[in-house]
file upload.cif (mmCIF, C-alpha atoms)
data_coords
#
loop_
_atom_site.label_atom_id
_atom_site.label_comp_id
_atom_site.auth_asym_id
_atom_site.auth_seq_id
_atom_site.Cartn_x
_atom_site.Cartn_y
_atom_site.Cartn_z
CA MET Z 1 -3.29 -4.94 1.44
CA SER Z 2 -1.81 -4.85 -2.07
CA LYS Z 3 0.82 -2.27 -1.08
CA PRO Z 4 3.05 -4.63 0.98
CA ILE Z 5 3.05 -7.26 -1.79
CA VAL Z 6 4.00 -4.65 -4.40
CA ALA Z 7 6.77 -3.32 -2.14
CA ALA Z 8 8.11 -6.85 -1.63
CA CYS Z 9 8.14 -7.38 -5.39
CA ALA Z 10 10.14 -4.18 -5.79
CA MET Z 11 12.61 -5.43 -3.19
CA THR Z 12 13.25 -8.56 -5.25
CA LEU Z 13 14.40 -6.21 -8.03
CA VAL Z 14 16.66 -4.38 -5.60
CA GLU Z 15 18.15 -7.70 -4.55
CA ASP Z 16 19.02 -8.71 -8.11
CA CYS Z 17 20.44 -5.21 -8.74
CA THR Z 18 17.87 -4.33 -11.39
CA LEU Z 19 16.91 -1.35 -9.20
CA ARG Z 20 18.84 0.62 -6.59
CA LEU Z 21 17.14 2.33 -3.66
CA ASP Z 22 18.87 5.69 -3.98
CA ASP Z 23 18.92 5.95 -7.77
CA PRO Z 24 16.52 8.41 -9.41
CA VAL Z 25 13.58 6.76 -11.13
CA ASP Z 26 14.04 9.05 -14.14
CA ASP Z 27 15.42 6.37 -16.49
CA LEU Z 28 12.39 4.10 -16.14
CA LEU Z 29 9.86 6.81 -15.36
CA PRO Z 30 10.92 9.78 -17.51
CA GLU Z 31 7.45 11.22 -16.95
CA LEU Z 32 8.56 12.01 -13.37
CA ALA Z 33 11.88 13.63 -14.32
CA GLY Z 34 12.40 17.37 -13.88
CA MET Z 35 9.28 17.79 -11.76
CA THR Z 36 7.89 21.05 -10.43
CA VAL Z 37 6.44 21.52 -6.95
CA LEU Z 38 3.51 23.64 -5.83
CA ALA Z 39 4.58 26.86 -4.17
CA ASP Z 40 1.48 26.50 -2.00
CA PRO Z 41 0.03 22.97 -1.58
CA HIS Z 42 -3.46 24.51 -1.54
CA GLY Z 43 -2.79 27.02 -4.28
CA PRO Z 44 -3.11 27.18 -8.08
CA LEU Z 45 -1.50 24.48 -10.18
CA ASP Z 46 0.55 26.94 -12.22
CA ASP Z 47 2.29 28.51 -9.21
CA THR Z 48 5.29 26.21 -8.86
CA VAL Z 49 8.97 26.00 -8.05
CA PRO Z 50 11.51 23.44 -9.36
CA ALA Z 51 11.95 20.18 -7.47
CA GLU Z 52 15.09 20.36 -5.38
CA ARG Z 53 16.17 16.85 -6.34
CA PRO Z 54 14.98 13.84 -8.37
CA ILE Z 55 12.57 11.24 -7.01
CA THR Z 56 14.36 8.04 -5.94
CA LEU Z 57 13.12 4.50 -5.52
CA ARG Z 58 13.45 4.94 -1.76
CA ASP Z 59 11.08 7.93 -1.93
CA VAL Z 60 8.57 5.83 -3.84
CA LEU Z 61 8.74 2.88 -1.45
CA ASP Z 62 8.44 4.90 1.75
CA GLY Z 63 5.78 7.26 0.41
CA THR Z 64 7.86 10.45 0.40
CA LEU Z 65 8.01 11.07 -3.37
CA GLY Z 66 6.06 14.31 -2.95
CA THR Z 67 2.57 13.43 -4.15
CA GLY Z 68 -0.31 11.32 -2.98
CA MET Z 69 -3.77 11.43 -1.50
CA VAL Z 70 -4.89 14.96 -0.57
CA PRO Z 71 -8.06 14.81 1.57
CA ALA Z 72 -10.20 17.83 0.70
CA GLU Z 73 -13.74 18.75 -0.21
CA PRO Z 74 -14.24 18.92 -4.00
CA GLY Z 75 -13.52 22.35 -5.41
CA THR Z 76 -11.46 23.55 -2.44
CA VAL Z 77 -7.92 22.38 -3.27
CA PRO Z 78 -6.89 22.38 -6.96
CA ILE Z 79 -4.29 19.60 -6.70
CA ALA Z 80 -6.76 17.35 -4.86
CA ASP Z 81 -9.25 17.74 -7.70
CA ALA Z 82 -6.54 17.16 -10.31
CA LEU Z 83 -5.23 14.02 -8.64
CA GLY Z 84 -8.78 12.75 -8.20
CA ALA Z 85 -9.40 13.22 -11.91
CA LEU Z 86 -6.52 10.98 -13.03
CA GLU Z 87 -7.78 8.29 -15.41
CA TYR Z 88 -6.72 4.71 -14.76
CA GLN Z 89 -6.91 3.56 -18.38
CA SER Z 90 -3.37 2.19 -18.67
CA PRO Z 91 -0.14 2.41 -16.66
CA ASP Z 92 1.58 4.54 -19.31
CA ALA Z 93 -1.33 6.97 -19.62
CA TRP Z 94 -1.71 7.25 -15.85
CA ILE Z 95 1.96 7.97 -15.15
CA ARG Z 96 1.97 10.51 -17.98
CA GLN Z 97 -0.98 12.33 -16.42
CA LEU Z 98 0.68 12.22 -13.00
CA GLY Z 99 3.89 13.65 -14.43
CA ASP Z 100 1.98 16.51 -16.02
CA LEU Z 101 0.89 17.65 -12.55
CA PRO Z 102 3.18 19.39 -10.07
CA LEU Z 103 4.24 17.59 -6.93
CA VAL Z 104 2.41 18.64 -3.79
CA HIS Z 105 5.61 18.78 -1.73
CA GLN Z 106 9.33 18.49 -2.33
CA PRO Z 107 10.63 14.89 -2.64
CA GLY Z 108 11.54 13.59 0.80
CA GLU Z 109 9.69 16.34 2.66
CA ARG Z 110 6.75 14.34 3.99
CA TRP Z 111 4.80 11.08 3.70
CA MET Z 112 1.75 10.92 1.46
CA TYR Z 113 -0.56 7.97 0.99
CA ASP Z 114 -1.50 5.66 -1.88
CA THR Z 115 -0.11 7.16 -5.10
CA ALA Z 116 3.41 5.91 -4.33
CA ALA Z 117 2.23 2.29 -4.53
CA ASN Z 118 0.79 2.85 -8.00
CA VAL Z 119 4.05 4.48 -9.08
CA THR Z 120 5.88 1.43 -7.70
CA GLY Z 121 3.68 -0.81 -9.82
CA VAL Z 122 4.45 1.08 -13.03
CA LEU Z 123 8.15 1.05 -12.15
CA ILE Z 124 8.11 -2.73 -11.60
CA ALA Z 125 6.36 -3.31 -14.92
CA ARG Z 126 8.92 -1.27 -16.84
CA ALA Z 127 11.89 -2.72 -14.97
CA THR Z 128 10.78 -6.31 -15.67
CA GLY Z 129 9.31 -5.80 -19.13
CA MET Z 130 6.09 -7.50 -18.07
CA SER Z 131 2.82 -6.50 -16.48
CA LEU Z 132 2.76 -5.85 -12.73
CA GLY Z 133 0.53 -8.89 -12.26
CA ASP Z 134 2.93 -11.16 -14.13
CA ALA Z 135 5.90 -9.81 -12.17
CA ILE Z 136 4.18 -10.43 -8.84
CA ARG Z 137 3.11 -13.90 -9.94
CA GLU Z 138 6.61 -14.86 -11.07
CA ARG Z 139 8.57 -13.37 -8.19
CA LEU Z 140 6.25 -13.96 -5.23
CA CYS Z 141 3.07 -15.90 -5.89
CA LYS Z 142 4.48 -18.95 -7.67
CA PRO Z 143 7.30 -19.66 -5.20
CA LEU Z 144 4.97 -19.10 -2.23
CA GLY Z 145 2.10 -21.13 -3.67
CA MET Z 146 -0.25 -18.13 -3.74
CA ILE Z 147 -2.50 -19.52 -6.46
CA ASP Z 148 -5.47 -17.20 -5.81
CA THR Z 149 -3.73 -13.82 -5.75
CA ALA Z 150 -4.08 -11.66 -8.86
CA PHE Z 151 -5.62 -8.46 -10.22
CA ASN Z 152 -8.74 -10.26 -11.39
CA VAL Z 153 -10.51 -13.56 -10.86
CA GLY Z 154 -10.75 -16.01 -13.75
CA SER Z 155 -14.02 -17.56 -14.86
CA GLU Z 156 -13.07 -20.89 -13.28
CA SER Z 157 -13.03 -19.28 -9.81
CA ILE Z 158 -15.51 -16.43 -10.16
CA ASP Z 159 -18.11 -18.24 -8.07
CA ARG Z 160 -15.64 -18.06 -5.16
CA LEU Z 161 -15.31 -14.26 -5.28
CA ALA Z 162 -16.95 -12.78 -2.20
CA THR Z 163 -19.57 -10.07 -2.47
CA ALA Z 164 -18.50 -6.80 -0.87
CA TYR Z 165 -20.97 -4.63 1.00
CA GLU Z 166 -21.20 -1.11 2.30
CA GLN Z 167 -23.63 0.61 4.61
CA ASP Z 168 -26.47 2.40 2.89
CA ASN Z 169 -26.34 6.14 3.45
CA ALA Z 170 -30.09 6.19 3.94
CA ALA Z 171 -31.59 6.34 7.41
CA THR Z 172 -31.95 2.57 7.56
CA GLY Z 173 -28.21 1.91 7.44
CA ALA Z 174 -28.93 -1.37 5.71
CA PRO Z 175 -26.09 -3.10 3.87
CA VAL Z 176 -26.00 -2.77 0.09
CA VAL Z 177 -23.81 -4.52 -2.48
CA GLU Z 178 -20.65 -2.52 -3.27
CA ASP Z 179 -19.01 -5.08 -5.57
CA GLY Z 180 -19.45 -8.76 -6.39
CA PRO Z 181 -18.74 -11.66 -8.74
CA ASP Z 182 -19.90 -9.67 -11.78
CA GLY Z 183 -18.06 -6.51 -10.70
CA ARG Z 184 -14.73 -4.91 -11.49
CA PHE Z 185 -12.60 -7.85 -10.35
CA SER Z 186 -14.32 -10.29 -12.71
CA ARG Z 187 -12.41 -9.14 -15.80
CA PRO Z 188 -8.81 -8.23 -16.65
CA ARG Z 189 -7.85 -4.77 -15.44
CA LEU Z 190 -6.56 -2.10 -17.80
CA PHE Z 191 -4.69 -0.59 -14.87
CA GLU Z 192 -3.25 -3.01 -12.31
CA SER Z 193 -3.25 -0.87 -9.21
CA GLY Z 194 -0.39 -1.38 -6.79
CA GLY Z 195 -2.31 0.74 -4.31
CA GLY Z 196 -5.28 -1.58 -3.97
CA GLY Z 197 -6.01 -3.79 -6.95
CA LEU Z 198 -5.19 -7.33 -5.84
CA VAL Z 199 -7.71 -9.96 -4.83
CA SER Z 200 -6.56 -12.81 -2.64
CA THR Z 201 -7.57 -15.37 -0.01
CA PRO Z 202 -6.70 -15.67 3.68
CA GLN Z 203 -4.59 -18.76 2.88
CA ASP Z 204 -2.59 -16.93 0.21
CA TYR Z 205 -2.05 -13.86 2.33
CA LEU Z 206 -0.97 -16.00 5.26
CA ALA Z 207 1.72 -17.49 3.00
CA PHE Z 208 2.99 -13.99 2.16
CA ALA Z 209 2.88 -12.83 5.79
CA SER Z 210 4.59 -16.03 6.94
CA ALA Z 211 7.38 -15.49 4.41
CA LEU Z 212 8.11 -12.06 5.89
CA LEU Z 213 7.88 -13.36 9.46
CA GLY Z 214 10.24 -16.17 8.45
CA GLY Z 215 12.88 -13.77 7.18
CA GLY Z 216 11.94 -14.12 3.52
CA VAL Z 217 11.29 -17.85 3.31
CA HIS Z 218 8.13 -19.95 3.55
CA GLY Z 219 7.55 -23.60 2.75
CA GLY Z 220 11.19 -24.01 1.82
CA GLU Z 221 11.02 -21.27 -0.83
CA ARG Z 222 12.99 -18.07 -0.35
CA VAL Z 223 11.68 -14.94 -2.04
CA LEU Z 224 13.68 -12.31 -0.11
CA SER Z 225 16.78 -12.26 2.06
CA ARG Z 226 16.41 -11.65 5.78
CA PRO Z 227 18.19 -8.27 5.50
CA ALA Z 228 15.73 -7.22 2.78
CA VAL Z 229 12.77 -8.08 5.00
CA THR Z 230 14.34 -6.21 7.91
CA LEU Z 231 14.83 -3.15 5.71
CA MET Z 232 11.30 -3.07 4.33
CA THR Z 233 9.72 -3.62 7.76
CA SER Z 234 11.74 -0.89 9.51
CA ASP Z 235 10.47 2.63 10.13
CA HIS Z 236 11.96 4.95 7.48
CA LEU Z 237 10.28 8.22 8.42
CA THR Z 238 12.17 10.89 10.34
CA ALA Z 239 10.66 12.80 13.24
CA THR Z 240 10.48 15.87 11.00
CA GLN Z 241 8.57 13.98 8.31
CA LYS Z 242 6.16 12.52 10.85
CA ALA Z 243 5.43 15.90 12.37
CA VAL Z 244 3.98 17.19 9.09
CA SER Z 245 2.44 13.96 7.75
CA GLY Z 246 -0.53 11.70 8.37
CA PHE Z 247 -4.29 11.78 8.07
CA TRP Z 248 -4.82 13.64 11.37
CA PRO Z 249 -2.68 15.28 14.06
CA GLY Z 250 -0.67 12.69 15.96
CA TYR Z 251 -1.17 10.05 13.27
CA PHE Z 252 2.46 8.97 13.53
CA ASP Z 253 2.76 9.16 17.33
CA ALA Z 254 2.89 5.37 17.67
CA ILE Z 255 3.59 4.15 14.13
CA GLY Z 256 6.03 4.78 11.32
CA TRP Z 257 6.21 3.65 7.73
CA GLY Z 258 8.41 1.05 6.11
CA PHE Z 259 8.16 0.03 2.48
CA GLY Z 260 4.45 -0.32 1.69
CA MET Z 261 3.30 -0.84 5.27
CA SER Z 262 3.10 0.68 8.73
CA VAL Z 263 5.53 -0.19 11.53
CA ARG Z 264 4.62 -0.02 15.21
CA THR Z 265 7.01 2.26 17.13
CA ARG Z 266 5.23 2.47 20.50
CA ARG Z 267 2.96 0.05 22.32
CA THR Z 268 -0.36 1.68 23.24
CA HIS Z 269 -2.65 -1.35 23.89
CA LEU Z 270 -2.23 -5.06 24.61
CA GLY Z 271 -0.97 -5.40 21.08
CA PRO Z 272 0.58 -5.19 18.60
CA SER Z 273 4.11 -5.01 20.03
CA VAL Z 274 6.77 -2.51 19.04
CA GLY Z 275 8.28 -3.69 15.75
CA SER Z 276 5.04 -5.17 14.46
CA TYR Z 277 4.24 -4.33 10.86
CA GLY Z 278 1.38 -4.69 8.38
CA TRP Z 279 -1.56 -2.77 6.95
CA PRO Z 280 -5.36 -2.93 6.67
CA GLY Z 281 -7.46 -2.84 3.51
CA PHE Z 282 -10.52 -0.98 2.28
CA TYR Z 283 -12.94 -3.89 2.72
CA GLY Z 284 -12.16 -4.57 6.37
CA THR Z 285 -9.20 -6.80 5.67
CA ALA Z 286 -6.05 -6.51 7.76
CA TRP Z 287 -2.79 -8.29 8.50
CA TYR Z 288 0.03 -7.72 10.96
CA ASN Z 289 3.16 -9.63 11.84
CA ASP Z 290 4.50 -9.38 15.39
CA PRO Z 291 8.08 -10.73 15.39
CA ALA Z 292 8.40 -10.30 19.18
CA GLU Z 293 5.55 -12.79 19.69
CA ASP Z 294 6.24 -14.88 16.55
CA LEU Z 295 2.65 -14.10 15.62
CA THR Z 296 0.76 -13.43 12.39
CA ALA Z 297 -2.84 -12.21 12.33
CA VAL Z 298 -4.86 -12.06 9.10
CA VAL Z 299 -8.47 -10.82 8.95
CA PHE Z 300 -10.65 -11.02 5.84
CA MET Z 301 -14.14 -9.58 5.66
CA GLN Z 302 -15.99 -7.72 2.93
CA ARG Z 303 -17.40 -4.49 4.28
CA ALA Z 304 -16.32 -1.24 2.62
CA HIS Z 305 -14.65 1.38 4.83
CA ALA Z 306 -14.19 -1.13 7.67
CA GLY Z 307 -10.39 -1.20 7.68
CA ASP Z 308 -10.03 1.86 9.91
CA GLN Z 309 -8.11 0.54 12.91
CA ARG Z 310 -9.79 3.12 15.18
CA LEU Z 311 -13.10 1.26 15.00
CA PRO Z 312 -14.05 -0.48 18.27
CA MET Z 313 -14.15 -3.89 16.57
CA TRP Z 314 -10.42 -3.68 15.85
CA HIS Z 315 -9.55 -2.77 19.43
CA ASP Z 316 -11.56 -5.76 20.59
CA PHE Z 317 -9.99 -8.02 17.98
CA TRP Z 318 -6.42 -7.16 18.96
CA THR Z 319 -7.27 -7.37 22.65
CA THR Z 320 -8.69 -10.86 22.08
CA VAL Z 321 -5.61 -11.98 20.13
CA TYR Z 322 -3.06 -10.73 22.66
CA GLN Z 323 -4.87 -11.69 25.85
CA ALA Z 324 -4.82 -15.28 24.53
CA ILE Z 325 -1.00 -15.42 24.65
CA ASP Z 326 -0.05 -17.84 27.42
CA ASP Z 327 3.66 -18.05 28.21
#
call {"tool": "encode", "arguments": {"input": "upload.cif", "output": "structure tokens"}}
result
Amino acid sequence: MSKPIVAACAMTLVEDCTLRLDDPVDDLLPELAGMTVLADPHGPLDDTVPAERPITLRDVLDGTLGTGMVPAEPGTVPIADALGALEYQSPDAWIRQLGDLPLVHQPGERWMYDTAANVTGVLIARATGMSLGDAIRERLCKPLGMIDTAFNVGSESIDRLATAYEQDNAATGAPVVEDGPDGRFSRPRLFESGGGGLVSTPQDYLAFASALLGGGVHGGERVLSRPAVTLMTSDHLTATQKAVSGFWPGYFDAIGWGFGMSVRTRRTHLGPSVGSYGWPGFYGTAWYNDPAEDLTAVVFMQRAHAGDQRLPMWHDFWTTVYQAIDD
């Protein structure tokens, strides 16, 4: 659930004209200038063609910059192995490694997951001259009163950091600790990941979600204009892009993608309604705004791999939420 916050931070820079949506990112991210593209997405890394155009901020925000998560078994797809081997030691080192690899597809050709949010984070840091965490704190967290949202938890609050679990792969299926108060979020991060590095609380995330539902304002503090919120929560993918994108066939049949989040384009269950937007997280967290119902739903739990909205628990959760609406 870090991706929507990072996208919103980027939109504050668009609003003050520090960034422009259709400008190439080359000036701030020279590592991504003059890119090459794989001739065959599954082929060797040295078989490439030139990129047909530069990568723009819009490409980065809507996930169509040309690179991202490539699901594949190790050793079967060279670019998947290369992307998986990127080292998250520092933003500059990471973006340099990314720029040394070819793009998987031409910019604007299709949607790809995750990497775009990390690129957004590096772009924000360079555009503001501060760390991504400081930029988010200054532009979003402080005005919205999000005092517990950051890339690590300080010693004064470490006893409040929830332990995260995952299911043991052994036959028992018993839960085992995946991360906890002495884990990776207990110390400053060398790489502040826009794709999934923030820790937060339900109260903080409700403030962020409420600001978007309120057209950019919450508690009397405006962080974005209403048109900016409308833009980032609209579906930006074309039918052609959707036809060749997604994690499985038909992935985009009922959703699209805005800036850092999904957007509901067709109602398939009791809820969410068309026009709802939001995104789940790795540890079973999720949030969605439904403007048609003036509704925000935020779920926080700590079970790895539980954010998949196809799981029966999520169908039951959304059914329970929407059947409770009484006009």
call {"tool": "atom_distance", "arguments": {"input": "upload.cif", "atom1": "atom CA of Cys17 of chain Z", "atom2": "atom CA of Gly258 of chain Z"}}
result
20.1 Å
call {"tool": "resolve_selection", "arguments": {"input": "upload.cif", "expression": "the PyMOL selection byres ((chain Z and resi 242) around 10)", "output": "PDB file with C-alpha atoms, in the frame of the given file"}}
result
ATOM      1  CA  GLU Z 109       9.690  16.340   2.660  1.00  0.00           C
ATOM      2  CA  ARG Z 110       6.750  14.340   3.990  1.00  0.00           C
ATOM      3  CA  TRP Z 111       4.800  11.080   3.700  1.00  0.00           C
ATOM      4  CA  LEU Z 237      10.280   8.220   8.420  1.00  0.00           C
ATOM      5  CA  THR Z 238      12.170  10.890  10.340  1.00  0.00           C
ATOM      6  CA  ALA Z 239      10.660  12.800  13.240  1.00  0.00           C
ATOM      7  CA  THR Z 240      10.480  15.870  11.000  1.00  0.00           C
ATOM      8  CA  GLN Z 241       8.570  13.980   8.310  1.00  0.00           C
ATOM      9  CA  ALA Z 243       5.430  15.900  12.370  1.00  0.00           C
ATOM     10  CA  VAL Z 244       3.980  17.190   9.090  1.00  0.00           C
ATOM     11  CA  SER Z 245       2.440  13.960   7.750  1.00  0.00           C
ATOM     12  CA  GLY Z 246      -0.530  11.700   8.370  1.00  0.00           C
ATOM     13  CA  PRO Z 249      -2.680  15.280  14.060  1.00  0.00           C
ATOM     14  CA  GLY Z 250      -0.670  12.690  15.960  1.00  0.00           C
ATOM     15  CA  TYR Z 251      -1.170  10.050  13.270  1.00  0.00           C
ATOM     16  CA  PHE Z 252       2.460   8.970  13.530  1.00  0.00           C
ATOM     17  CA  ASP Z 253       2.760   9.160  17.330  1.00  0.00           C
ATOM     18  CA  ILE Z 255       3.590   4.150  14.130  1.00  0.00           C
ATOM     19  CA  GLY Z 256       6.030   4.780  11.320  1.00  0.00           C
ATOM     20  CA  TRP Z 257       6.210   3.650   7.730  1.00  0.00           C
TER      21      TRP Z 257
END
call {"tool": "closest_residue", "arguments": {"input": "upload.cif", "among": "Z:Gly197, Z:Thr76, Z:Thr319, Z:Tyr113", "to": "Met261 of chain Z", "atoms": "only C-alpha atoms"}}
result
Z:Tyr113
call {"tool": "resolve_selection", "arguments": {"input": "upload.cif", "expression": "the PyMOL selection byres ((chain Z and resi 157) around 12)", "output": "list in words"}}
result
Ile147, Asp148, Thr149, Ala150, Asn152, Val153, Gly154, Ser155, Glu156, Ile158, Asp159, Arg160, Leu161, Ala162, Pro181, Asp182, Phe185, Ser186, Arg187, Val199, Ser200 and Thr201 of chain Z
call {"tool": "resolve_selection", "arguments": {"input": "upload.cif", "expression": "the PyMOL selection byres ((chain Z and resi 123-128) around 10)", "output": "JSON, numbers by chain"}}
result
{"Z": [6, 7, 9, 10, 11, 13, 18, 19, 25, 27, 28, 29, 57, 60, 91, 92, 95, 117, 118, 119, 120, 121, 122, 129, 130, 131, 132, 133, 134, 135, 136, 192, 194]}
call {"tool": "residues_around", "arguments": {"input": "upload.cif", "residues": "Ser276 of chain Z", "least_positions_apart": "3", "cutoff": "6 Å", "atoms": "all atoms listed in the file", "output": "JSON, numbers by chain"}}
result
{"Z": [263, 264, 273, 289, 290]}
call {"tool": "atom_distance", "arguments": {"input": "upload.cif", "atom1": "atom CA of Met112 of chain Z", "atom2": "atom CA of Gly195 of chain Z"}}
result
12.4 Å
call {"tool": "residues_near_point", "arguments": {"input": "upload.cif", "point": "(13.9, 18.1, -17.3)", "cutoff": "12 Å", "atoms": "all atoms listed in the file", "output": "PDB file with C-alpha atoms, keeping the file's coordinate frame"}}
result
ATOM      1  CA  ASP Z  26      14.040   9.050 -14.140  1.00  0.00           C
ATOM      2  CA  ASP Z  27      15.420   6.370 -16.490  1.00  0.00           C
ATOM      3  CA  PRO Z  30      10.920   9.780 -17.510  1.00  0.00           C
ATOM      4  CA  GLU Z  31       7.450  11.220 -16.950  1.00  0.00           C
ATOM      5  CA  LEU Z  32       8.560  12.010 -13.370  1.00  0.00           C
ATOM      6  CA  ALA Z  33      11.880  13.630 -14.320  1.00  0.00           C
ATOM      7  CA  GLY Z  34      12.400  17.370 -13.880  1.00  0.00           C
ATOM      8  CA  MET Z  35       9.280  17.790 -11.760  1.00  0.00           C
ATOM      9  CA  THR Z  36       7.890  21.050 -10.430  1.00  0.00           C
ATOM     10  CA  PRO Z  50      11.510  23.440  -9.360  1.00  0.00           C
ATOM     11  CA  ALA Z  51      11.950  20.180  -7.470  1.00  0.00           C
ATOM     12  CA  ARG Z  53      16.170  16.850  -6.340  1.00  0.00           C
ATOM     13  CA  PRO Z  54      14.980  13.840  -8.370  1.00  0.00           C
ATOM     14  CA  GLY Z  99       3.890  13.650 -14.430  1.00  0.00           C
TER      15      GLY Z  99
END
call {"tool": "atom_distance", "arguments": {"input": "upload.cif", "atom1": "atom CA of Arg96 of chain Z", "atom2": "atom CA of Asp59 of chain Z"}}
result
18.6 Å
call {"tool": "residues_around", "arguments": {"input": "upload.cif", "residues": "Met232 of chain Z", "least_positions_apart": "2", "cutoff": "10 Å", "atoms": "all atoms listed in the file", "output": "PDB file with C-alpha atoms, in the coordinates of the input"}}
result
ATOM      1  CA  PRO Z   4       3.050  -4.630   0.980  1.00  0.00           C
ATOM      2  CA  ALA Z   7       6.770  -3.320  -2.140  1.00  0.00           C
ATOM      3  CA  ALA Z   8       8.110  -6.850  -1.630  1.00  0.00           C
ATOM      4  CA  MET Z  11      12.610  -5.430  -3.190  1.00  0.00           C
ATOM      5  CA  LEU Z  61       8.740   2.880  -1.450  1.00  0.00           C
ATOM      6  CA  ASP Z  62       8.440   4.900   1.750  1.00  0.00           C
ATOM      7  CA  LEU Z 212       8.110 -12.060   5.890  1.00  0.00           C
ATOM      8  CA  PRO Z 227      18.190  -8.270   5.500  1.00  0.00           C
ATOM      9  CA  ALA Z 228      15.730  -7.220   2.780  1.00  0.00           C
ATOM     10  CA  VAL Z 229      12.770  -8.080   5.000  1.00  0.00           C
ATOM     11  CA  THR Z 230      14.340  -6.210   7.910  1.00  0.00           C
ATOM     12  CA  SER Z 234      11.740  -0.890   9.510  1.00  0.00           C
ATOM     13  CA  ASP Z 235      10.470   2.630  10.130  1.00  0.00           C
ATOM     14  CA  HIS Z 236      11.960   4.950   7.480  1.00  0.00           C
ATOM     15  CA  TRP Z 257       6.210   3.650   7.730  1.00  0.00           C
ATOM     16  CA  GLY Z 258       8.410   1.050   6.110  1.00  0.00           C
ATOM     17  CA  PHE Z 259       8.160   0.030   2.480  1.00  0.00           C
ATOM     18  CA  GLY Z 260       4.450  -0.320   1.690  1.00  0.00           C
ATOM     19  CA  MET Z 261       3.300  -0.840   5.270  1.00  0.00           C
ATOM     20  CA  VAL Z 263       5.530  -0.190  11.530  1.00  0.00           C
ATOM     21  CA  TYR Z 277       4.240  -4.330  10.860  1.00  0.00           C
TER      22      TYR Z 277
END
call {"tool": "axis_aligned_box", "arguments": {"input": "upload.cif", "around": "segment 109-114 of chain Z", "padding_each_side": "5 Å", "output": "lines of an AutoDock Vina configuration file"}}
result
center_x = 4.1
center_y = 11.0
center_z = 1.1
size_x = 21.2
size_y = 20.7
size_z = 15.9
call {"tool": "residues_around", "arguments": {"input": "upload.cif", "residues": "Gly215 of chain Z", "least_positions_apart": "5", "cutoff": "12 Å", "atoms": "all atoms listed in the file", "output": "VMD selection string"}}
result
chain Z and resid 208 to 210 220 to 233 289 291 294
call {"tool": "residues_near_point", "arguments": {"input": "upload.cif", "point": "(-11.6, 16.7, -4.4)", "cutoff": "9 Å", "atoms": "only C-alpha atoms", "output": "list in words"}}
result
Val70, Pro71, Ala72, Glu73, Pro74, Gly75, Thr76, Val77, Pro78, Ile79, Ala80, Asp81, Ala82, Leu83, Gly84 and Ala85 of chain Z
call {"tool": "write_last_selection", "arguments": {"input": "upload.cif", "atoms": "C-alpha atoms", "output": "PDB file, in the coordinates of the input"}}
result
ATOM      1  CA  VAL Z  70      -4.890  14.960  -0.570  1.00  0.00           C
ATOM      2  CA  PRO Z  71      -8.060  14.810   1.570  1.00  0.00           C
ATOM      3  CA  ALA Z  72     -10.200  17.830   0.700  1.00  0.00           C
ATOM      4  CA  GLU Z  73     -13.740  18.750  -0.210  1.00  0.00           C
ATOM      5  CA  PRO Z  74     -14.240  18.920  -4.000  1.00  0.00           C
ATOM      6  CA  GLY Z  75     -13.520  22.350  -5.410  1.00  0.00           C
ATOM      7  CA  THR Z  76     -11.460  23.550  -2.440  1.00  0.00           C
ATOM      8  CA  VAL Z  77      -7.920  22.380  -3.270  1.00  0.00           C
ATOM      9  CA  PRO Z  78      -6.890  22.380  -6.960  1.00  0.00           C
ATOM     10  CA  ILE Z  79      -4.290  19.600  -6.700  1.00  0.00           C
ATOM     11  CA  ALA Z  80      -6.760  17.350  -4.860  1.00  0.00           C
ATOM     12  CA  ASP Z  81      -9.250  17.740  -7.700  1.00  0.00           C
ATOM     13  CA  ALA Z  82      -6.540  17.160 -10.310  1.00  0.00           C
ATOM     14  CA  LEU Z  83      -5.230  14.020  -8.640  1.00  0.00           C
ATOM     15  CA  GLY Z  84      -8.780  12.750  -8.200  1.00  0.00           C
ATOM     16  CA  ALA Z  85      -9.400  13.220 -11.910  1.00  0.00           C
TER      17      ALA Z  85
END
call {"tool": "closest_residue", "arguments": {"input": "upload.cif", "among": "Z:Asp40, Z:Glu138, Z:Asp16, Z:Glu166", "to": "Glu178 of chain Z", "atoms": "all atoms listed in the file"}}
result
Z:Glu166
call {"tool": "residues_around", "arguments": {"input": "upload.cif", "residues": "Val104 of chain Z", "least_positions_apart": "6", "cutoff": "6 Å", "atoms": "all atoms listed in the file", "output": "list in words"}}
result
Val37, Leu38, Pro41, Gly66 and Thr67 of chain Z
